[in-house]
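Enquirer: One structure, as structure tokens, below. Some questions next.
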Amino acid sequence: MVDASTSAHGDLTLKNLTKSFGDFVAVDDLDLVIPEGSFFALLGPSGCGKTTTLRMVAGLEEPSSGSIFIGNTEITYEKPYKRPVNTVFQNYALFPHLSIYENVAFGLRRRGVKDVDAQVQKALELVELTHLATRKPNQLSGGQQQRIALARAIVNRPALLLLDEPLGALDLKLRRAMQIELKWIQTEVGITFVHVTHDQEEAMTMADTIAVMNEGKIEQMGSPADLYDNPRTAFVANFLGQSNLIKGSIIERAGEAGVVDVFGTKLALPAARNHAHDSSVLVGIRPEKIRIAPAGSAMNGNILEGGVISDASYIGVSTQYQVEMPWGQELMVFEQNDDGTPPLAKGDPVIMSWESIFTFGLAGDQDATAGSEANPDSE
Amino acid sequence: MNRATRWFSRNLIRIYAFVGFTYLFIPIIYTIAFSFNASTKSNLVWVGFTWNNWLNPCGAPDVCNALGNSLKIGVLATFFATILGTLMAFAMGRYAFKGRSIVNILIFLPMATPEIVMGASLLTMFISFGFNPGFWTIVIAHVMFCISFVVVTVKARIASLDPRLEQAAMDLYADERETFRRVTLPLVAPGIAAAALLAFSLSFDDFIITNFNSGDVNTFPKFVYISAQRGLPPQANVIGSSMFLIALIIVLVGQFVGRKRAGVR
């Protein structure tokens, strides 16, 4: 049997991929190359088009326009059963009338593979559930069903494995354990994994590369560290972790020590981290990068004075402060409880500083709160 | 609260269940008990216990001929109604077509039409087509009124089927035919089986429509109705009780198999 289902391999390429449902554009002119063998995450809030993208790659949804390639083989309009792609569905979609063994063997039998038994055993060993082969899916726990869904897909050795919110139904502890296990399995089998999730922590733990999606488009793509430390849009800055974004204007653009003015204070902003396209800028700093001390203390780096603590919550490893600035904005500060000094209290006047290399600059014409309402960590 | 009222309130649900089931089962117990009645003419008064009726179920004239007709008609009507109804259920449950909501309402009409009206108009129709009422007109009439019940039953099962299971099958290299054969059909099968049992019992049981369209062919309900006017032979109770026991066994076996398949230990 020589068809796309066994022969195609290589990078996954999406070209101008668009999907609209009536007036609603779910996926908007998407261009993307996912390298062979990588663990790639599509991250975004619900309704951002990530699942629709996945379903088009799986062949369960037909694109409105654009094309999909695996290596040099086009699969845009290929039937799902003719693609070298397997999916781990949200809620697993195990066949309830078949045993675990027959669930895992399903794809192999349909393709007429010879040594079904050996391969099923190997796949069950990989997920450490050989002893459950004769059970039915509803006799398994959620975590076990999840692993069977994974085994059922991986056993076919697809060029591409799609995971649609695979850990969404598991509790926190199990989710953490499965994140590590999934990453390990991906390294072990070397198949390209494309993982769709709304959980930023899940994406950051497992993926080599993350594409943050919003309203059908990719906002930014890069390694987890790159996205977190150097976000290019307010949406990414707020959706991945939390950010303080302060309105300012650019005075000096070039060099390591570009200068911006925020409400009368001059701050350094390295040119490589400045993504504003004119003088209007949102100056960004992550809450955990900020040092905080009683007003009048000596500090260096970028310094903001005149803040008053409006709220302090002690949460063990750190203390989270809300600091009200003279211009009315509240800034967030996460201070590690590691230096023995007593936490500051509500009403205390403070001085804040941070290493200027941590500063990032975003285009000033966007909504500074974009993405924060979609981030489950804020609030 | 004193002890009596406390006992009463604690066991209220059991008492209620007992009364309810008694109400449901007394007529059936009567049927079974009177199948052992040693009556000769009319089976209305208890005469004495005997095994004779059960040893000679065909003892009364024409009873087994009528029963045979009912079974044949039941099997044929079930066969055709189940196939046609299942196909219709898939069409209506799976595909969006113009006028689907109207079809959905139309399918309920035969269930809502009074049987007496339907029986009379079917007879008019057969006669104007030049068909002589007999065995096959009964089968056609039964298929007709069973289809709606099959469609409704099977459609409910299809609606409860997770579409991701079929998508998963397609994802795992099963083409449309294999997906239907390996996943869709096995998962809908319990609904089809339930629909078939329902169709059979509706067909076997029907008197009103059958009486209009049977000509001189006798069926079991017709036999019971006619002989009740002269005195019902106890063999009617024997056959009724047997049908009840067979249905009971089918339900119990179905439950047992269903549990085993679902893997409940």
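Note on naming: chains are A, B, ... as they come in the structure tokens, residues start from 1 per chain, ligands start from 1 in the order shown.
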Would you mind listing, for every residue of chain B within 12 Å of chain A, the two atoms forming the shortest contact and the distance between them in Å to one decimal, using only C-alpha atoms, sorted by chain and ascending residue number, as a tab-separated table?

Expert:
residue	atom	partner	partner_atom	distance
B:Leu161	CA	A:Pro96	CA	10.9
B:Asp162	CA	A:Ala93	CA	8.0
B:Pro163	CA	A:Ala93	CA	9.0
B:Arg164	CA	A:Ala93	CA	6.0
B:Leu165	CA	A:Ala93	CA	5.3
B:Glu166	CA	A:Ala93	CA	8.8
B:Gln167	CA	A:Leu60	CA	7.1
B:Ala168	CA	A:Ala93	CA	6.6
B:Ala169	CA	A:Gly107	CA	8.0
B:Met170	CA	A:Tyr81	CA	5.2
B:Asp171	CA	A:Tyr81	CA	5.3
B:Leu172	CA	A:Gly107	CA	4.6
B:Tyr173	CA	A:Tyr81	CA	3.9
B:Ala174	CA	A:Arg110	CA	5.8
B:Asp175	CA	A:Tyr81	CA	6.2
B:Glu176	CA	A:Tyr81	CA	9.1
B:Arg177	CA	A:Arg110	CA	11.5
B:Glu178	CA	A:Arg110	CA	8.2
B:Thr179	CA	A:Arg110	CA	9.9
B:Arg181	CA	A:Arg110	CA	12.0
B:Arg182	CA	A:Phe106	CA	9.4
B:Val183	CA	A:Phe95	CA	7.4
B:Thr184	CA	A:Phe95	CA	10.0
B:Leu185	CA	A:His97	CA	10.8
B:Pro186	CA	A:His97	CA	7.4
B:Leu187	CA	A:His97	CA	7.0
B:Val188	CA	A:His97	CA	10.7
B:Ala189	CA	A:His97	CA	10.9
B:Pro190	CA	A:His97	CA	11.3
B:Gly258	CA	A:His97	CA	10.7
B:Arg259	CA	A:Lys136	CA	11.8
B:Lys260	CA	A:Lys136	CA	10.3
B:Arg261	CA	A:His97	CA	7.3
B:Ala262	CA	A:Lys136	CA	7.4
B:Gly263	CA	A:Lys136	CA	6.4
B:Val264	CA	A:Gln139	CA	7.8
B:Arg265	CA	A:Gln139	CA	9.3

Enquirer: Segment 232-240 of chain B: which residues within 6 Å, counting only C-alpha atoms, same-chain residues fewer than 3 positions away excluded, as a ChimeraX atom specification?

Expert: /B:31,35,42-43,53,57,227-228,243

Enquirer: Can you list, as an MDAnalysis selection string, every protein, DNA or RNA residue that comes within 12 Å of Tyr225 of chain B when you count only C-alpha atoms, leaving out same-chain residues fewer than 2 positions away?

Expert: chainID B and resid 63 66 205:208 210:211 218:223 227:233 236

Enquirer: Next, dump the selected residues to file, keeping only C-alpha atoms, as an mmCIF file, in the first residue's frame.

Expert:
data_model
loop_
_atom_site.group_PDB
_atom_site.id
_atom_site.type_symbol
_atom_site.label_atom_id
_atom_site.label_comp_id
_atom_site.auth_asym_id
_atom_site.auth_seq_id
_atom_site.Cartn_x
_atom_site.Cartn_y
_atom_site.Cartn_z
ATOM 1 C CA VAL B 63 -55.523 -21.605 18.612
ATOM 2 C CA ALA B 66 -53.784 -18.300 14.931
ATOM 3 C CA ASP B 205 -50.251 -7.600 20.119
ATOM 4 C CA ASP B 206 -52.237 -5.680 17.520
ATOM 5 C CA PHE B 207 -55.931 -6.387 17.253
ATOM 6 C CA ILE B 208 -57.687 -3.263 15.951
ATOM 7 C CA THR B 210 -55.420 -6.392 12.109
ATOM 8 C CA ASN B 211 -59.147 -7.022 12.513
ATOM 9 C CA ASN B 218 -56.889 -15.609 12.067
ATOM 10 C CA THR B 219 -54.284 -14.133 14.416
ATOM 11 C CA PHE B 220 -53.824 -14.783 18.103
ATOM 12 C CA PRO B 221 -55.347 -11.485 19.356
ATOM 13 C CA LYS B 222 -58.246 -11.983 16.968
ATOM 14 C CA PHE B 223 -58.710 -15.543 18.222
ATOM 15 C CA SER B 227 -63.555 -16.713 21.529
ATOM 16 C CA ALA B 228 -63.957 -14.419 24.567
ATOM 17 C CA GLN B 229 -67.537 -13.896 23.439
ATOM 18 C CA ARG B 230 -68.253 -17.636 23.575
ATOM 19 C CA GLY B 231 -65.963 -18.573 26.439
ATOM 20 C CA LEU B 232 -62.201 -18.287 26.384
ATOM 21 C CA PRO B 233 -60.305 -21.614 26.421
ATOM 22 C CA ALA B 236 -55.213 -18.682 25.542
#

Enquirer: For segment 272-279 of chain A, please output as a count of residues only all residues within 9 Å (counting only C-alpha atoms; exclusion window: fewer than 4 positions along the same chain).

Expert: 24

Enquirer: Per DSSP on the backbone, what are the alpha helix (DSSP H) residues of segment 141-260 of chain B, as a VMD selection string?

Expert: chain B and resid 141 to 159 163 to 171 176 to 179 185 to 205 208 to 213 220 to 228 234 to 260

Enquirer: Could you write out that same residue set with C-alpha atoms as an mmCIF file, in the first residue's frame?

Expert:
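So the final result, stored in part37.cif, reads:
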data_model
loop_
_atom_site.group_PDB
_atom_site.id
_atom_site.type_symbol
_atom_site.label_atom_id
_atom_site.label_comp_id
_atom_site.auth_asym_id
_atom_site.auth_seq_id
_atom_site.Cartn_x
_atom_site.Cartn_y
_atom_site.Cartn_z
ATOM 1 C CA ALA B 141 -50.176 -2.666 7.776
ATOM 2 C CA HIS B 142 -47.927 -3.829 10.639
ATOM 3 C CA VAL B 143 -44.708 -2.702 8.922
ATOM 4 C CA MET B 144 -46.373 0.661 8.407
ATOM 5 C CA PHE B 145 -47.249 1.359 12.021
ATOM 6 C CA CYS B 146 -44.052 -0.212 13.448
ATOM 7 C CA ILE B 147 -41.682 1.948 11.391
ATOM 8 C CA SER B 148 -42.309 5.113 13.420
ATOM 9 C CA PHE B 149 -41.424 3.359 16.664
ATOM 10 C CA VAL B 150 -38.241 1.923 15.160
ATOM 11 C CA VAL B 151 -37.172 5.329 13.804
ATOM 12 C CA VAL B 152 -37.712 7.051 17.148
ATOM 13 C CA THR B 153 -35.871 4.365 19.127
ATOM 14 C CA VAL B 154 -32.869 4.054 16.804
ATOM 15 C CA LYS B 155 -32.612 7.821 16.307
ATOM 16 C CA ALA B 156 -32.307 8.331 20.069
ATOM 17 C CA ARG B 157 -29.387 5.910 20.118
ATOM 18 C CA ILE B 158 -27.682 7.612 17.178
ATOM 19 C CA ALA B 159 -28.116 11.012 18.821
ATOM 20 C CA PRO B 163 -19.234 11.782 16.827
ATOM 21 C CA ARG B 164 -15.602 11.763 17.933
ATOM 22 C CA LEU B 165 -15.677 7.957 18.028
ATOM 23 C CA GLU B 166 -16.281 7.848 14.284
ATOM 24 C CA GLN B 167 -13.700 10.566 13.751
ATOM 25 C CA ALA B 168 -11.241 8.525 15.788
ATOM 26 C CA ALA B 169 -11.921 5.495 13.579
ATOM 27 C CA MET B 170 -11.325 7.551 10.432
ATOM 28 C CA ASP B 171 -8.174 8.939 12.018
ATOM 29 C CA GLU B 176 -16.265 5.145 5.619
ATOM 30 C CA ARG B 177 -17.422 1.522 5.235
ATOM 31 C CA GLU B 178 -15.039 0.136 7.832
ATOM 32 C CA THR B 179 -15.959 2.928 10.249
ATOM 33 C CA LEU B 185 -23.061 -0.227 13.781
ATOM 34 C CA PRO B 186 -21.813 -2.046 16.913
ATOM 35 C CA LEU B 187 -22.518 1.036 19.001
ATOM 36 C CA VAL B 188 -26.012 1.561 17.555
ATOM 37 C CA ALA B 189 -26.845 -2.181 17.665
ATOM 38 C CA PRO B 190 -28.448 -2.155 21.145
ATOM 39 C CA GLY B 191 -30.855 0.517 19.911
ATOM 40 C CA ILE B 192 -31.697 -1.517 16.818
ATOM 41 C CA ALA B 193 -32.282 -4.627 18.951
ATOM 42 C CA ALA B 194 -34.567 -2.698 21.290
ATOM 43 C CA ALA B 195 -36.456 -1.320 18.299
ATOM 44 C CA ALA B 196 -36.887 -4.821 16.847
ATOM 45 C CA LEU B 197 -38.262 -6.184 20.134
ATOM 46 C CA LEU B 198 -40.643 -3.257 20.358
ATOM 47 C CA ALA B 199 -41.796 -3.759 16.762
ATOM 48 C CA PHE B 200 -42.387 -7.468 17.362
ATOM 49 C CA SER B 201 -44.435 -6.924 20.481
ATOM 50 C CA LEU B 202 -46.480 -4.185 18.781
ATOM 51 C CA SER B 203 -47.177 -6.448 15.817
ATOM 52 C CA PHE B 204 -47.913 -9.554 17.887
ATOM 53 C CA ASP B 205 -50.251 -7.600 20.119
ATOM 54 C CA ILE B 208 -57.687 -3.263 15.951
ATOM 55 C CA ILE B 209 -55.806 -2.650 12.695
ATOM 56 C CA THR B 210 -55.420 -6.392 12.109
ATOM 57 C CA ASN B 211 -59.147 -7.022 12.513
ATOM 58 C CA PHE B 212 -59.913 -4.588 9.685
ATOM 59 C CA ASN B 213 -57.328 -5.909 7.274
ATOM 60 C CA PHE B 220 -53.824 -14.783 18.103
ATOM 61 C CA PRO B 221 -55.347 -11.485 19.356
ATOM 62 C CA LYS B 222 -58.246 -11.983 16.968
ATOM 63 C CA PHE B 223 -58.710 -15.543 18.222
ATOM 64 C CA VAL B 224 -58.789 -14.350 21.850
ATOM 65 C CA TYR B 225 -61.234 -11.558 21.083
ATOM 66 C CA ILE B 226 -63.631 -13.748 19.164
ATOM 67 C CA SER B 227 -63.555 -16.713 21.529
ATOM 68 C CA ALA B 228 -63.957 -14.419 24.567
ATOM 69 C CA PRO B 234 -57.536 -21.830 29.074
ATOM 70 C CA GLN B 235 -55.045 -22.431 26.225
ATOM 71 C CA ALA B 236 -55.213 -18.682 25.542
ATOM 72 C CA ASN B 237 -53.844 -18.155 29.052
ATOM 73 C CA VAL B 238 -51.145 -20.754 28.456
ATOM 74 C CA ILE B 239 -49.961 -18.951 25.314
ATOM 75 C CA GLY B 240 -50.221 -15.550 26.980
ATOM 76 C CA SER B 241 -48.206 -16.771 29.965
ATOM 77 C CA SER B 242 -45.579 -18.329 27.696
ATOM 78 C CA MET B 243 -45.165 -15.074 25.776
ATOM 79 C CA PHE B 244 -44.754 -13.263 29.080
ATOM 80 C CA LEU B 245 -42.117 -15.736 30.280
ATOM 81 C CA ILE B 246 -40.228 -15.601 26.965
ATOM 82 C CA ALA B 247 -40.202 -11.788 27.089
ATOM 83 C CA LEU B 248 -38.982 -11.933 30.678
ATOM 84 C CA ILE B 249 -36.142 -14.286 29.726
ATOM 85 C CA ILE B 250 -35.149 -12.054 26.801
ATOM 86 C CA VAL B 251 -35.010 -9.009 29.082
ATOM 87 C CA LEU B 252 -32.981 -10.860 31.738
ATOM 88 C CA VAL B 253 -30.526 -12.264 29.191
ATOM 89 C CA GLY B 254 -30.252 -8.816 27.593
ATOM 90 C CA GLN B 255 -29.439 -7.251 30.960
ATOM 91 C CA PHE B 256 -26.873 -9.923 31.730
ATOM 92 C CA VAL B 257 -25.155 -9.663 28.346
ATOM 93 C CA GLY B 258 -25.294 -5.854 28.467
ATOM 94 C CA ARG B 259 -23.625 -5.835 31.847
ATOM 95 C CA LYS B 260 -20.963 -8.258 30.759
#

Enquirer: Hey, which of A:Cys48, A:Met299, A:Gln320, A:Gly66 ends up closest to Leu30 of chain A? Count only C-alpha atoms.

Expert: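 Of the candidates, the smallest distance to Leu30 of chain A is held by A:Gly66.
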
Enquirer: Which is closest to Ala133 of chain A among A:Ile100, A:Ala370, A:Val323, A:Ile148, if we use only C-alpha atoms?

Expert: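 Among the listed residues, the smallest separation from Ala133 of chain A belongs to A:Ile100.
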
Enquirer: Got a sec: who's within 12 Å of Leu170 of chain A, counting only C-alpha atoms, leaving out chain neighbours fewer than 2 positions off, as an NGL selection string?

Expert: :A and (90-92 or 141-147 or 165-168 or 172-179)
